[in-house]
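Student: Have a look at the structure that comes next, please.
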Amino acid sequence: MTGLVVDTDPGIDDALALLYLSSMEEVEIESITVAAGNSTQGNCLKNANYLTELADIESPVYRGSEKPLSRELETAESHGENGLGDLEVSEEYNYSNGNAVEAIIENANSDTDLLTLGPLTNIAKAVNRKQDVLSKYNSVTVMGGAINTFGNVNRVAEFNFWVDPKAANTVIQNSLQDTKIVPVNACREVQISRKKMKNLFDNSKYETIFKPYIRYYRENSIFEGAVMYDPLAAAISVNPKIADFRKTNAVVETKGTNTRGMLVTERRPQKQRKPNIRYPKNVDRNMTKEIYSQIQKTQIGKT
């Protein structure tokens with residue numbers, strides 16, 4: 001069984017990823033550390049506690065950073081005012097088992113994987129406190145970045161890296177070459193149709209969470225279906241063999257007016273920089289069905 005620390009900012013697709021992971025018998029979520037991103041830290045903390053209860057995930061939840069390293073927090077409109085669509089989670093879920101950064105450091109060992117689904121603020125703070133912390137994990141998988149494609153928040157950047165580019169760059173610059181970056185271009189290969197999403201959650205205990213997400217995609221998205229950003233990162237963390245990877249050296253643009261948060265890879269053939277990330281060249285197209293079927297397992301209790 002694989003131990004897993006999940007750093008997340010729930011977040012509707014974060015909720016999908018947690019549902020996916022909860023259906024995997026070979027995965028034990030040891031800790032959930034909460035980032036601010038899709039909503040405020042307070043909302044994301046409540047959402048994480050609520051989701052662990054709803055999905056029967058027995059894992060401690062840790063409060064993380066309130067804002068990015070060097071700028072104010074800007075949240076995502078696609079996840080609704082509170083992060084989980086139209087759902088307003090009660091204040092009774094506003095509790096924490098401790099500090100997220102400390103949990104990330106304390107849980108780092110060769111039997112545990114680290115999966116990040118939100119801005120990398122907590123991870124960067126852990127790196128700043130203990131520089132070799134990432135190397136202590138069995139593997140590190142990061143949902144973030146856009147490589148050779150358009151962004152989902154500006155022309156070139158993915159949301160998580162855009163929210164806290166300084167943190168993203170800190171993590172990338174302290175990464176080993178086996179750190180897996182799951183960028184938006186890989187995620188866009190794995191989409192669940194709006195009809196299937198609707199069928200999946202209609203009359204389920206999760207309907208209130210996912211209904212606004214489906215509506216947002218219908219009204220605003222250029223894609224045919226809902227892109228499985230965080231679920232794909234979760235799937236790759238559990239089984240990296242579903243993707244073919246390419247190694248490269250990368251940095252994150254921290255200050256650009258039009259390029260803030262851009263993941264910049266080394267393309268110059270004459271520059272032999274040591275690789276610090278791996279990213280998927282392509283993803284098994286059957287993962288759409290796999291993710292759908294695994295999440296479907298959590299829907300047995302439909303009303």
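Each chain of the structure tokens is named A, B, ... in the order shown, its residues numbered from 1; ligands are numbered from 1 in display order.
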Taking only region 4-76 of chain A into account, list the residues labelled alpha helix (DSSP H) by DSSP (computed from the backbone), as an MDAnalysis selection string.
Tutor: chainID A and resid 12:22 41:54
Student: Would you mind exporting N, CA and C atoms of the selected residues as a tab-separated table (two decimals), in the first residue's frame?
Tutor:
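Output file out17.tsv follows:
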```
chain	number	residue	atom	x	y	z
A	12	ILE	N	-13.17	22.14	-6.68
A	12	ILE	CA	-14.04	21.07	-7.17
A	12	ILE	C	-13.24	19.96	-7.82
A	13	ASP	N	-12.25	20.28	-8.66
A	13	ASP	CA	-11.48	19.18	-9.24
A	13	ASP	C	-10.57	18.53	-8.20
A	14	ASP	N	-10.23	19.27	-7.15
A	14	ASP	CA	-9.54	18.66	-6.01
A	14	ASP	C	-10.45	17.61	-5.36
A	15	ALA	N	-11.73	17.96	-5.23
A	15	ALA	CA	-12.70	17.01	-4.67
A	15	ALA	C	-12.78	15.76	-5.54
A	16	LEU	N	-12.76	15.93	-6.86
A	16	LEU	CA	-12.76	14.78	-7.77
A	16	LEU	C	-11.52	13.92	-7.54
A	17	ALA	N	-10.37	14.56	-7.37
A	17	ALA	CA	-9.13	13.82	-7.14
A	17	ALA	C	-9.19	13.04	-5.83
A	18	LEU	N	-9.74	13.66	-4.79
A	18	LEU	CA	-9.85	12.97	-3.51
A	18	LEU	C	-10.82	11.80	-3.60
A	19	LEU	N	-11.91	11.96	-4.35
A	19	LEU	CA	-12.84	10.85	-4.57
A	19	LEU	C	-12.13	9.72	-5.31
A	20	TYR	N	-11.37	10.08	-6.32
A	20	TYR	CA	-10.62	9.07	-7.08
A	20	TYR	C	-9.67	8.31	-6.16
A	21	LEU	N	-8.91	9.03	-5.36
A	21	LEU	CA	-7.94	8.39	-4.47
A	21	LEU	C	-8.63	7.53	-3.41
A	22	SER	N	-9.79	7.99	-2.94
A	22	SER	CA	-10.51	7.23	-1.91
A	22	SER	C	-11.01	5.90	-2.43
A	41	GLN	N	-7.82	30.28	2.51
A	41	GLN	CA	-7.37	29.20	3.38
A	41	GLN	C	-8.50	28.71	4.28
A	42	GLY	N	-9.27	29.64	4.83
A	42	GLY	CA	-10.38	29.25	5.70
A	42	GLY	C	-11.40	28.39	4.99
A	43	ASN	N	-11.79	28.80	3.79
A	43	ASN	CA	-12.75	28.01	3.02
A	43	ASN	C	-12.17	26.66	2.62
A	44	CYS	N	-10.92	26.67	2.15
A	44	CYS	CA	-10.30	25.41	1.70
A	44	CYS	C	-10.12	24.43	2.86
A	45	LEU	N	-9.82	24.95	4.05
A	45	LEU	CA	-9.69	24.08	5.22
A	45	LEU	C	-11.03	23.43	5.55
A	46	LYS	N	-12.08	24.23	5.59
A	46	LYS	CA	-13.42	23.67	5.85
A	46	LYS	C	-13.80	22.67	4.78
A	47	ASN	N	-13.51	23.00	3.54
A	47	ASN	CA	-13.85	22.10	2.43
A	47	ASN	C	-13.12	20.76	2.56
A	48	ALA	N	-11.84	20.82	2.93
A	48	ALA	CA	-11.06	19.58	3.08
A	48	ALA	C	-11.63	18.70	4.18
A	49	ASN	N	-11.95	19.30	5.31
A	49	ASN	CA	-12.54	18.53	6.41
A	49	ASN	C	-13.89	17.95	6.03
A	50	TYR	N	-14.68	18.75	5.33
A	50	TYR	CA	-16.00	18.29	4.89
A	50	TYR	C	-15.87	17.12	3.92
A	51	LEU	N	-14.95	17.23	2.98
A	51	LEU	CA	-14.79	16.18	1.97
A	51	LEU	C	-14.27	14.88	2.57
A	52	THR	N	-13.36	14.98	3.54
A	52	THR	CA	-12.86	13.75	4.16
A	52	THR	C	-13.99	13.02	4.88
A	53	GLU	N	-14.89	13.77	5.49
A	53	GLU	CA	-16.04	13.14	6.15
A	53	GLU	C	-17.00	12.55	5.12
A	54	LEU	N	-17.27	13.31	4.08
A	54	LEU	CA	-18.23	12.88	3.07
A	54	LEU	C	-17.75	11.64	2.32
```
Student: Quick one: residues within 10 Å of region 152-168 of chain A, only C-alpha atoms, excluding same-chain residues fewer than 3 positions away - as a ChimeraX atom specification?
Tutor: /A:9,36-38,67-76,116-125,127-128,142-149,171-173,183-185,251-255,258-264
Student: May I have the selected residues written with C-alpha atoms, as a PDB file, in the first residue's frame?
Tutor:
```pdb
ATOM      1  CA  ASP A   9      -6.841  23.715  -2.185  1.00  0.00           C
ATOM      2  CA  ALA A  36      -5.024  28.669  -0.344  1.00  0.00           C
ATOM      3  CA  GLY A  37      -5.816  28.956  -4.043  1.00  0.00           C
ATOM      4  CA  ASN A  38      -9.207  28.020  -5.423  1.00  0.00           C
ATOM      5  CA  LYS A  67      -1.538  33.763   1.090  1.00  0.00           C
ATOM      6  CA  PRO A  68       1.250  33.336  -1.494  1.00  0.00           C
ATOM      7  CA  LEU A  69       4.884  34.029  -0.626  1.00  0.00           C
ATOM      8  CA  SER A  70       5.125  37.513  -2.111  1.00  0.00           C
ATOM      9  CA  ARG A  71       1.718  38.700  -3.306  1.00  0.00           C
ATOM     10  CA  GLU A  72      -1.936  38.791  -2.334  1.00  0.00           C
ATOM     11  CA  LEU A  73      -4.149  35.778  -2.933  1.00  0.00           C
ATOM     12  CA  GLU A  74      -6.294  35.721  -6.083  1.00  0.00           C
ATOM     13  CA  THR A  75      -8.868  32.926  -6.149  1.00  0.00           C
ATOM     14  CA  ALA A  76     -10.605  31.008  -8.962  1.00  0.00           C
ATOM     15  CA  THR A 116       0.325  18.619  -4.854  1.00  0.00           C
ATOM     16  CA  LEU A 117      -2.935  19.860  -6.368  1.00  0.00           C
ATOM     17  CA  GLY A 118      -2.843  23.574  -5.545  1.00  0.00           C
ATOM     18  CA  PRO A 119      -0.420  26.509  -5.363  1.00  0.00           C
ATOM     19  CA  LEU A 120       2.945  25.411  -3.980  1.00  0.00           C
ATOM     20  CA  THR A 121       3.150  27.838  -1.047  1.00  0.00           C
ATOM     21  CA  ASN A 122       3.223  25.169   1.672  1.00  0.00           C
ATOM     22  CA  ILE A 123       5.755  23.061  -0.226  1.00  0.00           C
ATOM     23  CA  ALA A 124       8.054  26.047  -0.832  1.00  0.00           C
ATOM     24  CA  LYS A 125       7.953  26.953   2.861  1.00  0.00           C
ATOM     25  CA  VAL A 127      11.775  23.528   1.241  1.00  0.00           C
ATOM     26  CA  ASN A 128      12.935  26.854   2.697  1.00  0.00           C
ATOM     27  CA  VAL A 142       2.876  18.356  -9.008  1.00  0.00           C
ATOM     28  CA  MET A 143      -0.244  19.452 -10.871  1.00  0.00           C
ATOM     29  CA  GLY A 144       0.865  22.701 -12.452  1.00  0.00           C
ATOM     30  CA  GLY A 145       2.364  24.542 -15.374  1.00  0.00           C
ATOM     31  CA  ALA A 146       1.666  24.789 -19.085  1.00  0.00           C
ATOM     32  CA  ILE A 147       4.277  23.476 -21.530  1.00  0.00           C
ATOM     33  CA  ASN A 148       4.172  24.537 -25.195  1.00  0.00           C
ATOM     34  CA  THR A 149       0.499  25.490 -24.939  1.00  0.00           C
ATOM     35  CA  VAL A 171      10.013  24.036  -5.639  1.00  0.00           C
ATOM     36  CA  ILE A 172      11.192  23.571  -9.236  1.00  0.00           C
ATOM     37  CA  GLN A 173      14.692  24.838  -8.437  1.00  0.00           C
ATOM     38  CA  PRO A 183       0.856  20.404 -16.890  1.00  0.00           C
ATOM     39  CA  VAL A 184      -2.433  21.539 -18.382  1.00  0.00           C
ATOM     40  CA  ASN A 185      -1.590  20.184 -21.832  1.00  0.00           C
ATOM     41  CA  VAL A 251      12.196  27.671 -14.293  1.00  0.00           C
ATOM     42  CA  VAL A 252       9.042  29.602 -13.408  1.00  0.00           C
ATOM     43  CA  GLU A 253       8.634  33.259 -14.384  1.00  0.00           C
ATOM     44  CA  THR A 254       7.915  35.167 -11.170  1.00  0.00           C
ATOM     45  CA  LYS A 255       7.509  38.789 -12.314  1.00  0.00           C
ATOM     46  CA  ASN A 258       2.134  39.039 -19.342  1.00  0.00           C
ATOM     47  CA  THR A 259       4.020  35.870 -18.399  1.00  0.00           C
ATOM     48  CA  ARG A 260       3.651  35.613 -14.618  1.00  0.00           C
ATOM     49  CA  GLY A 261       3.617  31.948 -13.615  1.00  0.00           C
ATOM     50  CA  MET A 262       4.903  30.655 -16.951  1.00  0.00           C
ATOM     51  CA  LEU A 263       6.788  27.357 -16.759  1.00  0.00           C
ATOM     52  CA  VAL A 264       9.802  27.990 -18.996  1.00  0.00           C
TER      53      VAL A 264
END
```
Student: Using only C-alpha atoms, which protein or nucleic acid residues come within 12 Å of Glu266 (chain A)? Drop anything in the same chain fewer than 5 positions from it, and give the result as a ChimeraX atom specification.
Tutor: /A:147-148,247-252,271-277
Student: Write out, as a compact mmCIF listing (two decimals), in the first residue's frame, the residues just selected, with N, CA and C atoms.
Tutor:
```txt
# COMPACT_ATOMS: atom_id res chain seq x y z
N ILE A 147 3.08 23.66 -20.71
CA ILE A 147 4.28 23.48 -21.53
C ILE A 147 3.89 23.47 -23.01
N ASN A 148 4.41 24.44 -23.75
CA ASN A 148 4.17 24.54 -25.20
C ASN A 148 2.68 24.63 -25.53
N LYS A 247 12.35 14.40 -19.77
CA LYS A 247 13.08 15.18 -18.78
C LYS A 247 13.51 16.51 -19.37
N THR A 248 13.50 17.55 -18.54
CA THR A 248 13.97 18.85 -19.00
C THR A 248 14.38 19.69 -17.81
N ASN A 249 15.02 20.80 -18.08
CA ASN A 249 15.31 21.79 -17.06
C ASN A 249 14.29 22.91 -17.20
N ALA A 250 13.77 23.39 -16.08
CA ALA A 250 12.71 24.40 -16.14
C ALA A 250 12.87 25.43 -15.04
N VAL A 251 12.32 26.61 -15.29
CA VAL A 251 12.20 27.67 -14.29
C VAL A 251 10.78 28.21 -14.40
N VAL A 252 10.36 28.96 -13.39
CA VAL A 252 9.04 29.60 -13.41
C VAL A 252 9.23 31.11 -13.39
N LYS A 271 22.64 24.08 -24.77
CA LYS A 271 22.68 24.24 -23.32
C LYS A 271 22.42 22.89 -22.65
N GLN A 272 23.41 22.39 -21.93
CA GLN A 272 23.28 21.09 -21.28
C GLN A 272 22.99 21.29 -19.78
N ARG A 273 21.86 21.86 -19.49
CA ARG A 273 21.48 22.05 -18.10
C ARG A 273 20.93 20.75 -17.52
N LYS A 274 21.21 20.50 -16.26
CA LYS A 274 20.75 19.28 -15.62
C LYS A 274 19.23 19.30 -15.50
N PRO A 275 18.54 18.24 -15.92
CA PRO A 275 17.07 18.20 -15.79
C PRO A 275 16.65 18.31 -14.32
N ASN A 276 15.56 19.05 -14.09
CA ASN A 276 15.02 19.11 -12.73
C ASN A 276 13.55 18.71 -12.66
N ILE A 277 12.95 18.38 -13.80
CA ILE A 277 11.57 17.89 -13.80
C ILE A 277 11.40 16.83 -14.88
```
Student: Go through region 182-298 of chain A and collect every residue that DSSP, computed from the backbone, puts in strand (DSSP E or B); the answer should be as a ChimeraX atom specification.
Tutor: /A:182,191-193,225-227,243-248,250-252,263-265,277-283
Student: Excluding region 189-193 of chain A and any residue of its chain fewer than 5 positions from it, enumerate the residues within 8 Å of it, using only C-alpha atoms, and give them as number ranges by chain.
Tutor: A: 224-228, 232, 283, 285, 287-288, 292
Student: Set the distance at 10 Å and use only C-alpha atoms: which residues neighbour Leu4 (chain A) once local chain neighbours fewer than 5 positions away are removed? I'd like the list as a list in words.
Tutor: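 That gives Leu21, Val27, Glu28, Ile29, Glu30, Ser31, Ile32, Asn107, Ala108, Asp111, Thr112, Asp113, Leu114, Leu115, Tyr137, Asn138, Ser139, Val140, Ser237 and Val238 of chain A.
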Student: Restrict the selected residues to N, CA and C atoms and save them as a short mmCIF file (atom, residue, chain, number, x, y, z; two decimals), in the first residue's frame.
Tutor:
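What follows is the written file selection.cif:
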```
data_model
loop_
_atom_site.label_atom_id
_atom_site.label_comp_id
_atom_site.auth_asym_id
_atom_site.auth_seq_id
_atom_site.Cartn_x
_atom_site.Cartn_y
_atom_site.Cartn_z
N LEU A 21 -8.91 9.03 -5.36
CA LEU A 21 -7.94 8.39 -4.47
C LEU A 21 -8.63 7.53 -3.41
N VAL A 27 -4.02 2.73 -2.04
CA VAL A 27 -3.56 4.05 -1.60
C VAL A 27 -4.08 4.35 -0.20
N GLU A 28 -3.19 4.83 0.65
CA GLU A 28 -3.58 5.32 1.97
C GLU A 28 -3.21 6.79 2.07
N ILE A 29 -4.22 7.65 2.15
CA ILE A 29 -3.95 9.08 2.32
C ILE A 29 -3.57 9.30 3.78
N GLU A 30 -2.30 9.59 4.01
CA GLU A 30 -1.80 9.73 5.37
C GLU A 30 -2.08 11.11 5.95
N SER A 31 -1.99 12.13 5.11
CA SER A 31 -2.20 13.51 5.56
C SER A 31 -2.72 14.34 4.41
N ILE A 32 -3.56 15.31 4.75
CA ILE A 32 -4.00 16.32 3.78
C ILE A 32 -3.57 17.67 4.31
N ASN A 107 6.26 14.09 7.54
CA ASN A 107 5.78 12.91 6.83
C ASN A 107 6.70 12.47 5.69
N ALA A 108 7.77 13.21 5.45
CA ALA A 108 8.67 12.89 4.34
C ALA A 108 9.49 11.65 4.65
N ASP A 111 8.69 5.72 2.11
CA ASP A 111 7.48 4.92 1.91
C ASP A 111 6.27 5.78 1.56
N THR A 112 6.49 7.07 1.39
CA THR A 112 5.38 8.01 1.19
C THR A 112 5.61 8.85 -0.05
N ASP A 113 4.55 9.05 -0.83
CA ASP A 113 4.58 9.92 -2.00
C ASP A 113 3.95 11.27 -1.65
N LEU A 114 4.38 12.31 -2.33
CA LEU A 114 3.81 13.65 -2.16
C LEU A 114 3.10 14.04 -3.44
N LEU A 115 1.84 14.45 -3.31
CA LEU A 115 1.03 14.90 -4.44
C LEU A 115 0.54 16.31 -4.14
N TYR A 137 10.94 12.09 0.11
CA TYR A 137 9.73 11.38 -0.34
C TYR A 137 10.09 10.34 -1.39
N ASN A 138 9.27 9.29 -1.46
CA ASN A 138 9.45 8.27 -2.49
C ASN A 138 9.29 8.87 -3.88
N SER A 139 8.31 9.76 -4.04
CA SER A 139 8.10 10.46 -5.31
C SER A 139 7.36 11.76 -5.04
N VAL A 140 7.48 12.68 -5.98
CA VAL A 140 6.78 13.97 -5.91
C VAL A 140 6.06 14.20 -7.23
N SER A 237 0.36 10.03 -9.95
CA SER A 237 1.05 9.79 -8.68
C SER A 237 0.95 8.33 -8.27
N VAL A 238 -0.24 7.75 -8.45
CA VAL A 238 -0.47 6.36 -8.08
C VAL A 238 0.20 5.41 -9.06
#
```
Student: Point out the residue among A:Met1, A:Ala235, A:Val61, A:Ala243 with the least atom-to-atom distance to Ala103 (chain A), counting only C-alpha atoms.
Tutor: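 Closest to Ala103 (chain A) of all the choices is A:Val61.
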Student: Record the distance separating CA of Val34 (chain A) and CA of Ser204 (chain A), expressed in Å with one decimal.
Tutor: 25.4 Å
